[in-house]
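*Asks:* Sharing a structure, written as structure tokens. Questions coming.
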Amino acid sequence: MPNITREKGAPIFAGRGLRAAIGTLILLILVNLLCVLVFASSGEPYKTGSPISGGNVMKAVGIDARTTAAITSDSRLILLDGQQQVLREKKLEGTASALALSADKSKIYIGTSDRKVYVFDLTLNEIDGFDVNGRVIGLDSAVNGEMAIAYGIGQYTDRFWVGLFDESGADRYKTKIGFDVNAVAAGEQGVYFGTADSKVGYLSPEGEELWRTNLIQPITRLSLNGKQELLAGDERGNVALVSAKGKVLWINHLSAYPITMVAAVDEAGHILAGDKDGKLFVLNAEGYALYNAGVSAGSINSLIGTTGDEILLLTDQGKPVTVSLSSALDAKRQFYIQTALIVVDAALAVTAFCLFVWSVASWRAAVIRFGRKLRRSRSAYMLLLPSIILILIFTIAPTLMAVFYSFTNFSLKEPLKVIGLSNFVAMWSDEFFWIGIWNMFLILITSIIKEVTMPLLVAELIFWLRSSRMKYWFRTAYVVPSIVPGVVGILLWKMMYEPEVGMINQFLGVIGLDGWKHAWLGEENLALWSIIMAGFPFVSIFAFLIYFGGLIGISRDIYDSSSIDGIGSWGRFWKIDLPMIRPQIRLILFFTFIGSIQGFANIYLFTRGGPGTATYVPGLQMYNQISNANFGYASAIGFVLAVFVLAGSILNLRFSKQEGV
């Protein structure tokens, strides 16, 4: 088929290529529609409900399909119905720390941090209770009507025990563990415990310790599967399976956050785990993660019960999470399908675009010309490649990382997590930031005045000296001080501002102006202005040389013509010098703008932002946040300052283009 042509000057389309592009787009749409239909027919892996009212839930256990018992952070024992509505509640004495249900599900056991264990019936009437020698840390019911209790005194001491008690408080044994116990689980034959020094152990029915095994991190949660093997979660998001004889079968790292719930949920050995960040994990019996999702803003800390394929969990905010195990297991297959779909979509979209470009004669010719130029210049590009790679690694990549970190909670205090605009929202309400912004703009305005006036005046005076030798010596005299490091100059001015021995106050005393003496850097209304006035008479060497170089570049013929026209010194300055050195002035303004926004070194050396917040600037706040390991918030401040710098750069480029520079 011949090519389809339009009017003169319009693109010429190659019919075969255009038809292929349209066919590719239709195929792309059909593939996506098919996948939407497939995914729409599959169930949701989880659903969340409305949280209960009141304090946060510390622990919950399912009594039956319609009733749940829970303890809250404000020390209440509550009963919830199937809709997670509060049926009954009872205020507890002391701070509740552990909860368990008796083996026959007829009684509720509560442990508190004030060394007490309570026994309640299902109407929340207290029917028994007893004291133990330490705060209750963990509690679990044994099959013979007893309860396993972990308790202790202090922190990182050897005064921790695991005991087996009946409901009246009589103990079968109390075994000293010798280190902080964090969790306990009662099995069919004995009791398991986990410690803060990353160990799990097993006590026989007589209380004899049969084994103790090292894991990776401090233990947070323990539970048993159907084979009486021990599941252990720890502080750094690891889940381990330990055999009944103490052998570690596997360890899987799931999260950067502490594991707050781990349990086997079916006969096939599938395991559910939740972490403090609200993420849910489904593992198979070998510990391989089959599914994970962020289901809540709070930690998942309790498994309430199972109904067929559905598993009911509860978060620390009291929000119920219903997990469909079959849908969660199927989600792995869906993930692979979706990943393949993204790859296919990208390939089809690129193919369609290429075919469309190739179908337009002028575009096809442009592509061919570009390819030929690229092939001819390949040696030059290969020589430039090392420089490009270094720029990408050491300039572009850190910049992009800083932008990414500004949307995270990046710090040394908690695991990395994307938090969206939270840093910028916090910055909006940060009083220190806005005080710093005001001080920054005040410094910017005064810096512009200083950089445009005194250096230009000195450059003019030296430039118009008649003697070339005097020009040389004065120019050298102004440049010589630049060999002194800037830090030294700041420290000298700081000494001059000293209230007792500083030169300024000493001079005021000599001339009889004792009333004018001040603590120049110690008074809020004077500190910032004292920093601004430091460096008087403000002859910046860099600005002076730029201006002087600009004046040297002006043709003498212009000055000769102006003298013939009768223009005096003042007119020569306004009508010749200023217009001719406008690029140099703009350059100084640009660097002054950047330095005033980013700079904080002089303020740090003078006052460190004080007194109070009188001299605080955003750059100093960014430095302080980095010092406190709040890298995410510091990156957000840096991002805002970078936007200011970018805006100034764009304005500078626009003015440069307008003037043809």
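In the structure tokens, the first chain shown is A, the next is B, and so on; residue numbers restart at 1 for each chain, and ligands run from 1 in the order shown.
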How close does each residue of segment 483-531 of chain A get to segment 441-461 of chain A, giving the shortest atom pair and distance in Å to one decimal for every residue with an atom at most 10 Å away, counting only C-alpha atoms, sorted by chain and residue number, as a Markdown table?

*Replies:*
| residue | atom | partner | partner_atom | distance |
| --- | --- | --- | --- | --- |
| A:Leu528 | CA | A:Ile443 | CA | 8.5 |
| A:Trp529 | CA | A:Ile443 | CA | 9.0 |
| A:Ile531 | CA | A:Ile443 | CA | 9.2 |

*Asks:* Tell me which protein, DNA and RNA residues are within 7 Å of segment 270-278 of chain A, counting only C-alpha atoms, leaving out same-chain ones fewer than 4 positions away, and put them as a PyMOL selection string.

*Replies:* chain A and resi 257-266+282-285+294-301

*Asks:* Go ahead and write the residues just picked, N, CA, C and O atoms, as a PDB file, in the first residue's frame.

*Replies:*
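Written out: selection-v5.pdb:
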ATOM      1  N   TYR A 257      10.926  -4.057  61.917  1.00  0.00           N
ATOM      2  CA  TYR A 257      10.236  -3.719  63.158  1.00  0.00           C
ATOM      3  C   TYR A 257      10.062  -4.970  64.026  1.00  0.00           C
ATOM      4  O   TYR A 257      10.087  -6.101  63.531  1.00  0.00           O
ATOM      5  N   PRO A 258       9.848  -4.791  65.326  1.00  0.00           N
ATOM      6  CA  PRO A 258       9.645  -5.943  66.209  1.00  0.00           C
ATOM      7  C   PRO A 258       8.417  -6.761  65.808  1.00  0.00           C
ATOM      8  O   PRO A 258       7.394  -6.208  65.401  1.00  0.00           O
ATOM      9  N   ILE A 259       8.536  -8.064  65.950  1.00  0.00           N
ATOM     10  CA  ILE A 259       7.402  -8.962  65.719  1.00  0.00           C
ATOM     11  C   ILE A 259       6.486  -8.897  66.942  1.00  0.00           C
ATOM     12  O   ILE A 259       6.925  -9.106  68.075  1.00  0.00           O
ATOM     13  N   THR A 260       5.210  -8.602  66.704  1.00  0.00           N
ATOM     14  CA  THR A 260       4.261  -8.457  67.810  1.00  0.00           C
ATOM     15  C   THR A 260       3.232  -9.586  67.862  1.00  0.00           C
ATOM     16  O   THR A 260       2.447  -9.660  68.808  1.00  0.00           O
ATOM     17  N   MET A 261       3.216 -10.455  66.848  1.00  0.00           N
ATOM     18  CA  MET A 261       2.310 -11.597  66.853  1.00  0.00           C
ATOM     19  C   MET A 261       2.860 -12.653  65.915  1.00  0.00           C
ATOM     20  O   MET A 261       3.299 -12.353  64.802  1.00  0.00           O
ATOM     21  N   VAL A 262       2.866 -13.916  66.358  1.00  0.00           N
ATOM     22  CA  VAL A 262       3.270 -15.016  65.492  1.00  0.00           C
ATOM     23  C   VAL A 262       2.499 -16.251  65.938  1.00  0.00           C
ATOM     24  O   VAL A 262       2.402 -16.545  67.134  1.00  0.00           O
ATOM     25  N   ALA A 263       1.906 -16.960  64.974  1.00  0.00           N
ATOM     26  CA  ALA A 263       1.093 -18.129  65.323  1.00  0.00           C
ATOM     27  C   ALA A 263       0.903 -19.000  64.094  1.00  0.00           C
ATOM     28  O   ALA A 263       0.823 -18.499  62.964  1.00  0.00           O
ATOM     29  N   ALA A 264       0.842 -20.325  64.318  1.00  0.00           N
ATOM     30  CA  ALA A 264       0.471 -21.269  63.271  1.00  0.00           C
ATOM     31  C   ALA A 264      -1.048 -21.298  63.183  1.00  0.00           C
ATOM     32  O   ALA A 264      -1.736 -21.298  64.214  1.00  0.00           O
ATOM     33  N   VAL A 265      -1.602 -21.327  61.949  1.00  0.00           N
ATOM     34  CA  VAL A 265      -3.041 -21.107  61.806  1.00  0.00           C
ATOM     35  C   VAL A 265      -3.796 -22.261  61.152  1.00  0.00           C
ATOM     36  O   VAL A 265      -5.027 -22.226  61.113  1.00  0.00           O
ATOM     37  N   ASP A 266      -3.110 -23.266  60.617  1.00  0.00           N
ATOM     38  CA  ASP A 266      -3.850 -24.385  60.028  1.00  0.00           C
ATOM     39  C   ASP A 266      -3.010 -25.648  60.106  1.00  0.00           C
ATOM     40  O   ASP A 266      -1.849 -25.641  60.546  1.00  0.00           O
ATOM     41  N   VAL A 282       2.363 -13.876  55.799  1.00  0.00           N
ATOM     42  CA  VAL A 282       1.922 -15.269  55.751  1.00  0.00           C
ATOM     43  C   VAL A 282       3.100 -16.110  55.288  1.00  0.00           C
ATOM     44  O   VAL A 282       3.676 -15.847  54.229  1.00  0.00           O
ATOM     45  N   LEU A 283       3.475 -17.106  56.097  1.00  0.00           N
ATOM     46  CA  LEU A 283       4.612 -17.975  55.789  1.00  0.00           C
ATOM     47  C   LEU A 283       4.123 -19.409  55.658  1.00  0.00           C
ATOM     48  O   LEU A 283       3.118 -19.801  56.282  1.00  0.00           O
ATOM     49  N   ASN A 284       4.847 -20.205  54.876  1.00  0.00           N
ATOM     50  CA  ASN A 284       4.550 -21.630  54.868  1.00  0.00           C
ATOM     51  C   ASN A 284       5.315 -22.322  55.990  1.00  0.00           C
ATOM     52  O   ASN A 284       6.046 -21.685  56.764  1.00  0.00           O
ATOM     53  N   ALA A 285       5.171 -23.616  56.103  1.00  0.00           N
ATOM     54  CA  ALA A 285       5.777 -24.350  57.211  1.00  0.00           C
ATOM     55  C   ALA A 285       7.297 -24.316  57.167  1.00  0.00           C
ATOM     56  O   ALA A 285       7.949 -24.540  58.194  1.00  0.00           O
ATOM     57  N   GLY A 294       0.781  -4.184  54.299  1.00  0.00           N
ATOM     58  CA  GLY A 294       0.570  -3.244  55.396  1.00  0.00           C
ATOM     59  C   GLY A 294      -0.919  -3.083  55.623  1.00  0.00           C
ATOM     60  O   GLY A 294      -1.619  -2.485  54.803  1.00  0.00           O
ATOM     61  N   VAL A 295      -1.435  -3.599  56.715  1.00  0.00           N
ATOM     62  CA  VAL A 295      -2.885  -3.649  56.937  1.00  0.00           C
ATOM     63  C   VAL A 295      -3.363  -2.656  57.976  1.00  0.00           C
ATOM     64  O   VAL A 295      -4.558  -2.450  58.128  1.00  0.00           O
ATOM     65  N   SER A 296      -2.448  -2.038  58.722  1.00  0.00           N
ATOM     66  CA  SER A 296      -2.896  -1.183  59.820  1.00  0.00           C
ATOM     67  C   SER A 296      -1.831  -0.157  60.138  1.00  0.00           C
ATOM     68  O   SER A 296      -0.648  -0.334  59.845  1.00  0.00           O
ATOM     69  N   ALA A 297      -2.275   0.951  60.783  1.00  0.00           N
ATOM     70  CA  ALA A 297      -1.331   1.956  61.257  1.00  0.00           C
ATOM     71  C   ALA A 297      -0.726   1.561  62.591  1.00  0.00           C
ATOM     72  O   ALA A 297       0.266   2.138  63.027  1.00  0.00           O
ATOM     73  N   GLY A 298      -1.313   0.592  63.260  1.00  0.00           N
ATOM     74  CA  GLY A 298      -0.799   0.129  64.547  1.00  0.00           C
ATOM     75  C   GLY A 298      -0.329  -1.303  64.452  1.00  0.00           C
ATOM     76  O   GLY A 298      -0.512  -1.992  63.442  1.00  0.00           O
ATOM     77  N   SER A 299       0.307  -1.781  65.498  1.00  0.00           N
ATOM     78  CA  SER A 299       0.870  -3.129  65.483  1.00  0.00           C
ATOM     79  C   SER A 299      -0.228  -4.183  65.576  1.00  0.00           C
ATOM     80  O   SER A 299      -1.259  -3.987  66.219  1.00  0.00           O
ATOM     81  N   ILE A 300       0.006  -5.318  64.908  1.00  0.00           N
ATOM     82  CA  ILE A 300      -0.899  -6.469  64.994  1.00  0.00           C
ATOM     83  C   ILE A 300      -0.402  -7.328  66.153  1.00  0.00           C
ATOM     84  O   ILE A 300       0.673  -7.921  66.078  1.00  0.00           O
ATOM     85  N   ASN A 301      -1.178  -7.383  67.237  1.00  0.00           N
ATOM     86  CA  ASN A 301      -0.640  -8.047  68.430  1.00  0.00           C
ATOM     87  C   ASN A 301      -1.445  -9.235  68.930  1.00  0.00           C
ATOM     88  O   ASN A 301      -1.023  -9.886  69.891  1.00  0.00           O
TER      89      ASN A 301
END

*Asks:* If you count only C-alpha atoms, which residues fall within 7 Å of Ala186 of chain A, apart from same-chain ones fewer than 5 positions away, as a list in words?

*Replies:*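 Contacts, with the query itself left out: Asp140, Ser141, Ala142, Ala148, Val191 and Tyr192 of chain A.
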
*Asks:* Hey, which of A:Asn630, A:Gly187, A:Lys59, A:Trp516 ends up closest to Thr408 of chain A? Count only C-alpha atoms.

*Replies:*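 Smallest separation from Thr408 of chain A among the options: A:Asn630.
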
*Asks:* Using only C-alpha atoms for the distances, tell me which of A:Leu210, A:Val403, A:Leu416, A:Leu215 is nearest to Asn238 of chain A.

*Replies:*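 Under the stated criterion, the closest residue is A:Leu215.
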
*Asks:* Apply DSSP to the backbone of this structure and, from segment 403-530 of chain A, keep only the residues in helix (DSSP H, G or I); write these as number ranges by chain.

*Replies:* A: 403-405, 422-428, 431-463, 468-483, 486-496, 503-510, 514-516, 524-530

*Asks:* Taking only C-alpha atoms into account, which of A:Ala170, A:Ile597, A:Val61, A:Ala629 comes nearest Trp438 of chain A?

*Replies:*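 Smallest distance to Trp438 of chain A is found for A:Ile597.
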
*Asks:* When you look at Glu500 of chain A with a cut-off of 12 Å (counting only C-alpha atoms), what residues show up, excluding the ones that are within fewer than 3 positions of it in the same chain? I need them as an NGL selection string.

*Replies:* :A and (495-497 or 503-509 or 514 or 517-520)

*Asks:* Output N, CA, C and O atoms for every residue in that selection, as a compact mmCIF listing (two decimals), in the first residue's frame.

*Replies:*
# COMPACT_ATOMS: atom_id res chain seq x y z
N MET A 495 35.81 37.49 69.41
CA MET A 495 36.59 38.05 70.52
C MET A 495 36.33 39.54 70.68
O MET A 495 36.25 40.06 71.80
N MET A 496 36.17 40.25 69.57
CA MET A 496 35.89 41.69 69.65
C MET A 496 34.53 41.96 70.29
O MET A 496 34.33 43.00 70.94
N TYR A 497 33.59 41.02 70.14
CA TYR A 497 32.26 41.20 70.72
C TYR A 497 32.18 40.76 72.18
O TYR A 497 31.11 40.88 72.79
N MET A 503 37.24 44.16 72.22
CA MET A 503 37.77 45.45 71.81
C MET A 503 36.67 46.51 71.69
O MET A 503 36.89 47.69 72.00
N ILE A 504 35.47 46.11 71.25
CA ILE A 504 34.41 47.10 71.05
C ILE A 504 33.99 47.73 72.37
O ILE A 504 33.92 48.96 72.50
N ASN A 505 33.73 46.91 73.38
CA ASN A 505 33.34 47.46 74.68
C ASN A 505 34.49 48.20 75.34
O ASN A 505 34.28 49.20 76.04
N GLN A 506 35.71 47.73 75.14
CA GLN A 506 36.87 48.44 75.70
C GLN A 506 37.00 49.83 75.07
O GLN A 506 37.25 50.82 75.77
N PHE A 507 36.79 49.92 73.77
CA PHE A 507 36.88 51.21 73.09
C PHE A 507 35.77 52.15 73.57
O PHE A 507 36.00 53.35 73.79
N LEU A 508 34.55 51.62 73.73
CA LEU A 508 33.46 52.46 74.22
C LEU A 508 33.75 52.99 75.62
O LEU A 508 33.40 54.12 75.96
N GLY A 509 34.38 52.15 76.46
CA GLY A 509 34.74 52.60 77.80
C GLY A 509 35.80 53.69 77.76
O GLY A 509 35.75 54.64 78.56
N ASP A 514 30.22 54.27 78.36
CA ASP A 514 29.96 53.01 79.08
C ASP A 514 28.51 52.56 78.93
O ASP A 514 28.22 51.36 79.00
N LYS A 517 27.79 49.98 76.18
CA LYS A 517 28.35 48.63 76.24
C LYS A 517 27.21 47.60 76.27
O LYS A 517 26.20 47.80 76.93
N HIS A 518 27.43 46.49 75.58
CA HIS A 518 26.42 45.42 75.53
C HIS A 518 27.11 44.06 75.45
O HIS A 518 28.29 43.97 75.07
N ALA A 519 26.35 43.06 75.81
CA ALA A 519 26.76 41.69 75.47
C ALA A 519 26.25 41.44 74.06
O ALA A 519 25.14 40.95 73.84
N TRP A 520 27.05 41.83 73.08
CA TRP A 520 26.59 41.94 71.70
C TRP A 520 26.01 40.64 71.15
O TRP A 520 25.04 40.66 70.39

*Asks:* Interatomic distance between atom CA of Phe590 of chain A and atom CA of Ser656 of chain A?

*Replies:*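 Distance between the two atoms: 11.5 Å.
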
*Asks:* Need to verify the contact set: Lys494 of chain A, 10 Å, only C-alpha atoms, exclusion of same-chain residues closer than 3 positions in sequence. Can you return it as a list of chain:residue names?

*Replies:*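 The filter keeps A:Val488, A:Gly489, A:Ile490, A:Leu491, A:Tyr497, A:Glu498, A:Gly502, A:Trp520, A:Leu521, A:Ser530, A:Ile531, A:Ala534, A:Leu605, A:Phe606, A:Thr607.
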
*Asks:* Which neighbours of Gly612 of chain A fall inside 12 Å, counting only C-alpha atoms, when residues of the same chain fewer than 6 positions from it are skipped, and could you give them as a ChimeraX atom specification?

*Replies:* /A:432,435-436,521-525,527-528

*Asks:* Give the answer as one residue: which of A:Met580, A:Ile127, A:Ala636, A:Ala100 has the shortest atom-to-atom distance to Tyr405 of chain A, using only C-alpha atoms?

*Replies:*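 So, comparing all the options, the nearest one is A:Ala636.
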
*Asks:* To one decimal place in Å, what is the distance between atom CA of Asn602 of chain A and atom CA of Gln584 of chain A?

*Replies:*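 Value for the atom CA of Asn602 of chain A-atom CA of Gln584 of chain A distance: 25.3 Å.
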
*Asks:* Just list as a VMD selection string whatever in segment 222-308 of chain A DSSP marks as strand (DSSP E or B).

*Replies:* chain A and resid 222 to 224 230 to 234 238 to 242 248 to 253 259 to 264 271 to 275 279 to 283 289 to 294 300 to 307

*Asks:* Just the residues within 8 Å of Ser97 of chain A, please, counting only C-alpha atoms, with nothing from its chain fewer than 5 positions along; format it as number ranges by chain.

*Replies:* A: 58, 110-113, 136-138

*Asks:* Those same residues, written as a PDB file, in the first residue's frame with C-alpha atoms?

*Replies:*
ATOM      1  CA  MET A  58      -2.423  -4.582  74.610  1.00  0.00           C
ATOM      2  CA  ILE A 110      -4.664 -11.364  84.061  1.00  0.00           C
ATOM      3  CA  GLY A 111      -1.115 -10.500  85.126  1.00  0.00           C
ATOM      4  CA  THR A 112      -0.088  -7.010  86.249  1.00  0.00           C
ATOM      5  CA  SER A 113       3.136  -5.104  86.714  1.00  0.00           C
ATOM      6  CA  VAL A 136       4.290 -10.295  85.496  1.00  0.00           C
ATOM      7  CA  ILE A 137       5.828 -10.286  82.012  1.00  0.00           C
ATOM      8  CA  GLY A 138       4.201 -13.243  80.304  1.00  0.00           C
TER       9      GLY A 138
END

*Asks:* Please report as a Markdown table every residue of segment 466-496 of chain A lying within 12 Å of segment 548-569 of chain A, along with the nearest atom pair and their distance in Å (one decimal), using only C-alpha atoms.

*Replies:*
| residue | atom | partner | partner_atom | distance |
| --- | --- | --- | --- | --- |
| A:Lys471 | CA | A:Phe548 | CA | 10.8 |
| A:Tyr472 | CA | A:Phe548 | CA | 11.8 |
| A:Phe474 | CA | A:Phe548 | CA | 12.0 |
| A:Arg475 | CA | A:Phe548 | CA | 9.2 |
| A:Tyr478 | CA | A:Phe548 | CA | 11.7 |
| A:Val479 | CA | A:Phe548 | CA | 11.8 |
